[in-house]
Protein chains: 2
Amino acid sequence: MDISVSIILDKLKVALQGVERVVTSRSTLPILNNVLIKTSKSGVEVVATDLEVGIKFFLGGKVEKEGSVTVPGRTLIGLVNSLHGDTITLESKNNILRVVCGETKASINGVPADDFPVIPEVEGGRVVKLRTEVFKDLLAQVDFAASSEESRPVLTGVYLISGGSGLTAVATDSYRLSEAAAKEKLSEEFNVIIPVRTLHEIRRLVGDTPQFELRLGENQIMVATDSATLVSRIIEGEYPNYKQIIPQKSDTTVEMDVQEFSDAVKTAAIFSMEGSNTVRLNIQPSGTVEVVSESSQVGNFAAKVKAGVKGAGGEISFNAKYLLDGLNSFDTPRFTLGMTNKTAAGVFRPSGVEDRLYLVMPLRS
Amino acid sequence: MDISVSIILDKLKVALQGVERVVTSRSTLPILNNVLIKTSKSGVEVVATDLEVGIKFFLGGKVEKEGSVTVPGRTLIGLVNSLHGDTITLESKNNILRVVCGETKASINGVPADDFPVIPEVEGGRVVKLRTEVFKDLLAQVDFAASSEESRPVLTGVYLISGGSGLTAVATDSYRLSEAAAKEKLSEEFNVIIPVRTLHEIRRLVGDTPQFELRLGENQIMVATDSATLVSRIIEGEYPNYKQIIPQKSDTTVEMDVQEFSDAVKTAAIFSMEGSNTVRLNIQPSGTVEVVSESSQVGNFAAKVKAGVKGAGGEISFNAKYLLDGLNSFDTPRFTLGMTNKTAAGVFRPSGVEDRLYLVMPLRS
């Protein structure tokens with residue numbers, strides 16, 4: 001059925017910006033590059049999905065004809081973003097969308113809405129209220145550690161655990177692991193693996209709202225705001241029992257300045273064997289950590305960083321990138337590194353912060 | 001001969017930043033990725049060249065051994081930029097450069113300076129004083145129109161003409177041409193084709209100095225500041241007689257708002273045939289310019305822009321990118337377009353500005 005509707009231009013811009021990242025992110029199935037526009041008595045829906053995440057925006061509008069059409073998202077977004085004016089009229093005929101705004105007229109070739117995937121409704125399930133600040137904070141501390149390789153799907157998500165003392169977020173790509181917790185007692189206990197991209201879309205969607213509702217269904221989660229609904233699949237499978245790889249104690253504990261150590265690691269990486277990114281830490285009980293790297297091609301590098309060292313010290317090597325990723329996510333001026341020997345995981349924590357841990361597997365050097 | 005010298009760290013940083021773009025820009029000849037460091041009684045030279053442009057920085061320093069060495073620029077720049085401290089010591093032995101700064105020590109594998117290309121001295125020739133502001137202004141108005149294709153070398157440069165009423169800069173890639181002139185009477189008359197990259201490096205080198213000296217040699221130009229010297233080749237060959245393609249008069253002249261017209265052209269480009277970027281202007285004597293585009297795949301677009309039209313009007317098509325490049329370089333709120341028919345070049349000028357012209361060849365549509 002053809003559509004015909006007038007909408008406030010600025011509201012359409014907001015809706016299209018809201019679905020933009022979902023619509024343009026993949027293109028294996030051509031219809032996923034399209035945005036669905038659906039008109040009904042209750043107004044206009046603007047919908048995009050990449051089969052993992054689906055977002056629906058609801059707008060008011062003066063609906064003349066109830067129907068639906070899908071058109072390429074990039075074209076529609078590019079057009080609408082460049083328009084100026086108060087209202088915009090959208091009319092479809094034989095799946096060609098006619099757009100009129102002031103002295104500008106355009107037609108965009110579309111395809112029937114029948115082929116557009118249905119965004120599932122998440123009904124029932126459990127509903128928890130989350131404080132946006134807590135959610136954003138936990139996400140920023142762990143998201144970078146998730147895997148981008150599809151070979152182990154559970155590792156491409158963030159593991160969220162509600163229960164016991166509060167809410168915990170975990171991500172790992174099996175080379176490093178980041179865990180952050182907040183003393184945030186939720187109304188429901190659960191654990192769920194949510195795709196990192198979904199969490200980023202939720203962060204965008206909730207914006208500055210102080211809190212939002214997360215609905216946990218069987219295979220989906222849903223977040224609804226006043227003007228939009230996001231539905232995403234949950235990653236199925238069992239999250240690795242990560243607690244068992246966290247060393248219970250460390251023979252040596254080192255405290256250093258985050259900035260000073262990061263600078264040394266960053267520079268050391270320039271000298272590490274091409275592509276390996278290996279930097280060696282030589283922890284001396286006298287109170288210095290020597291950051292060392294070498295490559296037969298480039299040369300070699302050593303910098304001394306002042307450190308508070310408890311224990312016997314020793315040598316351990318890490319991937320510089322993994323160290324820097326973790327240190328960048330710390331908000332404190334200092335941090336501690338716990339190490340036992342050159343084959344056991346290094347445990348990084350921001351100084352004075354509880355409930356936060358970053359684990360990096362050492363490299364052989 | 002090995003080198004040994006202590007330098008103020010911040011001065012070395014400035015020198016390396018000054019040569020950075022030259023040293024990292026090409027790599028066909030491996031030694032061009034290197035920076036030459038040469039010590040002598042009078043201090044330290046830091047040199048880089050890509051055979052087109054060469055830059056030499058001079059620094060003071062406590063020289064212990066006079067000699068020279070070359071090391072990979074990226075490694076040295078990455079290292080030095082990350083260092084903190086007052087002084088840095090550079091020592092070479094068997095073409096390995098040892099760098100010491102505070103608690104940081106590094107060795108960089110280099111190659112002998114014998115293989116490093118000599119930066120020619122430009123002696124004699126004519127010397128003109130240029131005001132930096134005028135130079136930067138002319139450059140910004142024409143550089144984008146130069147060609148990036150090496151097939152016609154003269155078109156990859158900016159043509160500078162001193163004489164008559166002042167200083168004129170011209171660039172063209174044969175599809176569009178930009179000309180800007182300043183009523184700046186110089187001490188010498190000349191015309192010279194200078195590579196666009198050279199001009200950008202000169203702009204960086206002279207920074208905020210109010211004026212600088214340009215020395216025009218036989219095949220090279222040179223710019224010297226207090227701390228550095230830049231030498232570049234001149235592009236040989238004859239610049240096309242561009243004056244003859246500038247239409248002497250236009251049958252129709254249109255005046256429009258730069259922003260309004262740019263917006264319409266930008267949006268129209270979304271709808272133009274894939275890769276063609278064609279937009280059609282339909283100039284109506286009643287006082288509107290319709291900006292039109294269409295593609296069988298995407299759809300079609302038309303926007304009306306208010307215009308002051310003198311003459312009979314008509315249709316003419318252009319590459320949207322060329323229009324936008326030119327309009328972006330205009331500083332005025334309005335501009336004029338002179339056109340005669342759909343096959344003659346369109347002449348764009350910022351309203352109320354003399355000595356400025358942007359020519360675009362029309363497309364068949």
# chains A, B, ... in the order shown; residues from 1 in each chain; ligands from 1
>>> residues_around(residues="His200 of chain B", least_positions_apart="2", cutoff="10 Å", atoms="only C-alpha atoms", output="tab-separated table (two decimals) with C-alpha atoms, in the first residue's frame")
chain	number	residue	atom	x	y	z
B	136	LYS	CA	48.87	31.93	1.60
B	139	LEU	CA	47.65	29.49	-2.72
B	140	ALA	CA	44.38	28.63	-0.96
B	143	ASP	CA	45.88	24.83	-5.17
B	195	PRO	CA	54.86	21.89	-7.47
B	196	VAL	CA	51.79	22.18	-5.23
B	197	ARG	CA	53.49	20.11	-2.52
B	198	THR	CA	56.42	22.51	-2.46
B	202	ILE	CA	56.75	26.59	2.11
B	203	ARG	CA	53.50	27.59	3.81
B	204	ARG	CA	54.34	25.32	6.76
B	205	LEU	CA	57.93	26.50	6.91
>>> residues_around(residues="Thr343 of chain A", least_positions_apart="3", cutoff="10 Å", atoms="only C-alpha atoms", output="PyMOL selection string")
chain A and resi 315-317+339-340+346+361-364
>>> closest_residue(among="A:Leu357, A:Val127, A:Val279, A:Ala182", to="Lys243 of chain A", atoms="only C-alpha atoms")
A:Leu357
>>> residues_around(residues="Ser6 of chain A", least_positions_apart="5", cutoff="12 Å", atoms="only C-alpha atoms", output="MDAnalysis selection string")
chainID A and resid 11:12 39 43:44 59:65 86:91 98:101
>>> interface_residues(of="chain B", to="chain A", cutoff="10 Å", atoms="only C-alpha atoms", output="VMD selection string")
chain B and resid 71 to 72 74 to 76 78 to 84 96 to 110 260 263 to 264 266 to 271 290 to 306
>>> write_last_selection(atoms="N, CA and C atoms", output="compact mmCIF listing (two decimals), in the first residue's frame")
# COMPACT_ATOMS: atom_id res chain seq x y z
N VAL B 71 69.16 7.84 9.59
CA VAL B 71 68.34 6.80 10.23
C VAL B 71 66.90 6.94 9.76
N PRO B 72 66.11 5.85 9.83
CA PRO B 72 64.71 5.92 9.40
C PRO B 72 63.97 7.06 10.10
N ARG B 74 60.73 7.80 10.46
CA ARG B 74 59.59 7.47 11.31
C ARG B 74 60.02 7.02 12.69
N THR B 75 61.06 6.19 12.75
CA THR B 75 61.53 5.69 14.04
C THR B 75 62.07 6.84 14.89
N LEU B 76 62.93 7.65 14.28
CA LEU B 76 63.54 8.75 15.03
C LEU B 76 62.47 9.74 15.49
N GLY B 78 59.18 9.23 15.89
CA GLY B 78 58.35 8.58 16.91
C GLY B 78 59.03 8.58 18.27
N LEU B 79 60.30 8.27 18.27
CA LEU B 79 61.06 8.23 19.53
C LEU B 79 61.17 9.62 20.14
N VAL B 80 61.68 10.57 19.37
CA VAL B 80 61.96 11.90 19.91
C VAL B 80 60.68 12.59 20.38
N ASN B 81 59.59 12.44 19.62
CA ASN B 81 58.33 13.07 20.02
C ASN B 81 57.83 12.58 21.37
N SER B 82 58.18 11.34 21.74
CA SER B 82 57.64 10.80 22.99
C SER B 82 58.54 11.08 24.17
N LEU B 83 59.68 11.70 23.94
CA LEU B 83 60.63 11.94 25.04
C LEU B 83 60.28 13.20 25.82
N HIS B 84 60.63 13.19 27.09
CA HIS B 84 60.48 14.37 27.94
C HIS B 84 61.86 14.69 28.50
N ILE B 96 75.14 3.14 13.63
CA ILE B 96 74.04 2.93 14.58
C ILE B 96 73.98 4.19 15.43
N LEU B 97 72.76 4.78 15.48
CA LEU B 97 72.60 6.03 16.24
C LEU B 97 72.14 5.71 17.65
N ARG B 98 72.90 6.15 18.63
CA ARG B 98 72.52 5.93 20.02
C ARG B 98 71.90 7.22 20.54
N VAL B 99 70.70 7.11 21.09
CA VAL B 99 69.95 8.26 21.58
C VAL B 99 69.79 8.12 23.09
N VAL B 100 70.19 9.13 23.83
CA VAL B 100 70.02 9.09 25.29
C VAL B 100 69.32 10.35 25.74
N CYS B 101 68.26 10.16 26.54
CA CYS B 101 67.52 11.31 27.08
C CYS B 101 67.00 10.89 28.43
N GLY B 102 67.55 11.47 29.51
CA GLY B 102 67.14 11.07 30.85
C GLY B 102 67.33 9.58 31.05
N GLU B 103 66.28 8.90 31.46
CA GLU B 103 66.38 7.47 31.74
C GLU B 103 66.02 6.62 30.52
N THR B 104 65.94 7.26 29.35
CA THR B 104 65.60 6.52 28.13
C THR B 104 66.82 6.39 27.23
N LYS B 105 67.04 5.19 26.75
CA LYS B 105 68.18 4.93 25.86
C LYS B 105 67.67 4.12 24.69
N ALA B 106 68.09 4.50 23.47
CA ALA B 106 67.68 3.71 22.32
C ALA B 106 68.80 3.68 21.30
N SER B 107 68.80 2.64 20.49
CA SER B 107 69.73 2.57 19.37
C SER B 107 68.90 2.38 18.10
N ILE B 108 69.23 3.14 17.08
CA ILE B 108 68.50 3.02 15.81
C ILE B 108 69.49 2.64 14.71
N ASN B 109 69.18 1.58 14.00
CA ASN B 109 70.05 1.15 12.91
C ASN B 109 69.94 2.11 11.74
N GLY B 110 71.08 2.64 11.30
CA GLY B 110 71.08 3.61 10.21
C GLY B 110 71.86 3.11 9.01
N GLU B 260 23.41 28.48 -0.34
CA GLU B 260 22.17 27.89 -0.83
C GLU B 260 22.42 27.03 -2.07
N ASP B 263 24.48 23.84 -1.16
CA ASP B 263 23.62 22.82 -0.55
C ASP B 263 22.86 22.04 -1.62
N ALA B 264 22.30 22.78 -2.58
CA ALA B 264 21.51 22.13 -3.63
C ALA B 264 22.40 21.22 -4.48
N LYS B 266 25.26 19.80 -3.61
CA LYS B 266 25.71 18.68 -2.80
C LYS B 266 24.64 17.58 -2.77
N THR B 267 23.40 18.00 -2.58
CA THR B 267 22.32 17.02 -2.50
C THR B 267 22.04 16.42 -3.86
N ALA B 268 22.09 17.25 -4.89
CA ALA B 268 21.85 16.75 -6.25
C ALA B 268 22.84 15.64 -6.58
N ALA B 269 24.08 15.78 -6.09
CA ALA B 269 25.12 14.80 -6.43
C ALA B 269 24.75 13.40 -5.92
N ILE B 270 23.97 13.33 -4.84
CA ILE B 270 23.53 12.02 -4.33
C ILE B 270 22.72 11.28 -5.39
N PHE B 271 22.01 12.05 -6.21
CA PHE B 271 21.10 11.45 -7.19
C PHE B 271 21.72 11.34 -8.59
N GLU B 290 17.21 26.07 -11.44
CA GLU B 290 16.82 24.76 -10.97
C GLU B 290 18.04 23.85 -11.05
N VAL B 291 18.35 23.20 -9.92
CA VAL B 291 19.50 22.29 -9.87
C VAL B 291 18.92 20.88 -9.96
N VAL B 292 19.26 20.16 -11.02
CA VAL B 292 18.58 18.91 -11.34
C VAL B 292 19.59 17.78 -11.47
N SER B 293 19.21 16.58 -11.04
CA SER B 293 20.04 15.41 -11.31
C SER B 293 19.16 14.19 -11.37
N GLU B 294 19.65 13.13 -12.02
CA GLU B 294 18.84 11.93 -12.10
C GLU B 294 19.71 10.73 -12.41
N SER B 295 19.24 9.60 -11.94
CA SER B 295 19.95 8.35 -12.19
C SER B 295 18.88 7.28 -12.27
N SER B 296 18.99 6.41 -13.26
CA SER B 296 17.95 5.40 -13.41
C SER B 296 17.89 4.51 -12.17
N GLN B 297 19.04 4.34 -11.49
CA GLN B 297 19.06 3.47 -10.32
C GLN B 297 18.49 4.15 -9.07
N VAL B 298 18.97 5.37 -8.78
CA VAL B 298 18.65 5.99 -7.49
C VAL B 298 17.32 6.73 -7.51
N GLY B 299 17.08 7.53 -8.57
CA GLY B 299 15.87 8.33 -8.61
C GLY B 299 16.20 9.68 -9.21
N ASN B 300 15.47 10.72 -8.82
CA ASN B 300 15.79 12.03 -9.37
C ASN B 300 15.55 13.12 -8.36
N PHE B 301 16.10 14.30 -8.65
CA PHE B 301 16.16 15.39 -7.68
C PHE B 301 16.05 16.72 -8.41
N ALA B 302 15.34 17.67 -7.82
CA ALA B 302 15.29 19.02 -8.36
C ALA B 302 15.09 20.00 -7.22
N ALA B 303 15.92 21.03 -7.17
CA ALA B 303 15.76 22.08 -6.16
C ALA B 303 15.82 23.42 -6.86
N LYS B 304 15.00 24.37 -6.39
CA LYS B 304 15.02 25.70 -6.98
C LYS B 304 15.80 26.65 -6.08
N VAL B 305 16.73 27.38 -6.67
CA VAL B 305 17.52 28.35 -5.93
C VAL B 305 17.21 29.73 -6.50
N LYS B 306 16.92 30.69 -5.61
CA LYS B 306 16.64 32.05 -6.07
C LYS B 306 17.89 32.67 -6.70
>>> residues_around(residues="Glu354 of chain A", least_positions_apart="2", cutoff="10 Å", atoms="only C-alpha atoms", output="VMD selection string")
chain A and resid 180 to 182 349 to 352 356 to 357
>>> select_by_dssp(residues="segment 101-334 of chain B", states="strand (DSSP E or B)", output="PyMOL selection string")
chain B and resi 101+104-109+111+126-131+157-163+166-172+176-182+190-195+211-216+220-224+228-233+252-257+278-284+288-295+299-306+308-310+314-319+334
>>> atom_distance(atom1="atom CA of Val154 of chain A", atom2="atom CA of Val360 of chain A")
18.8 Å
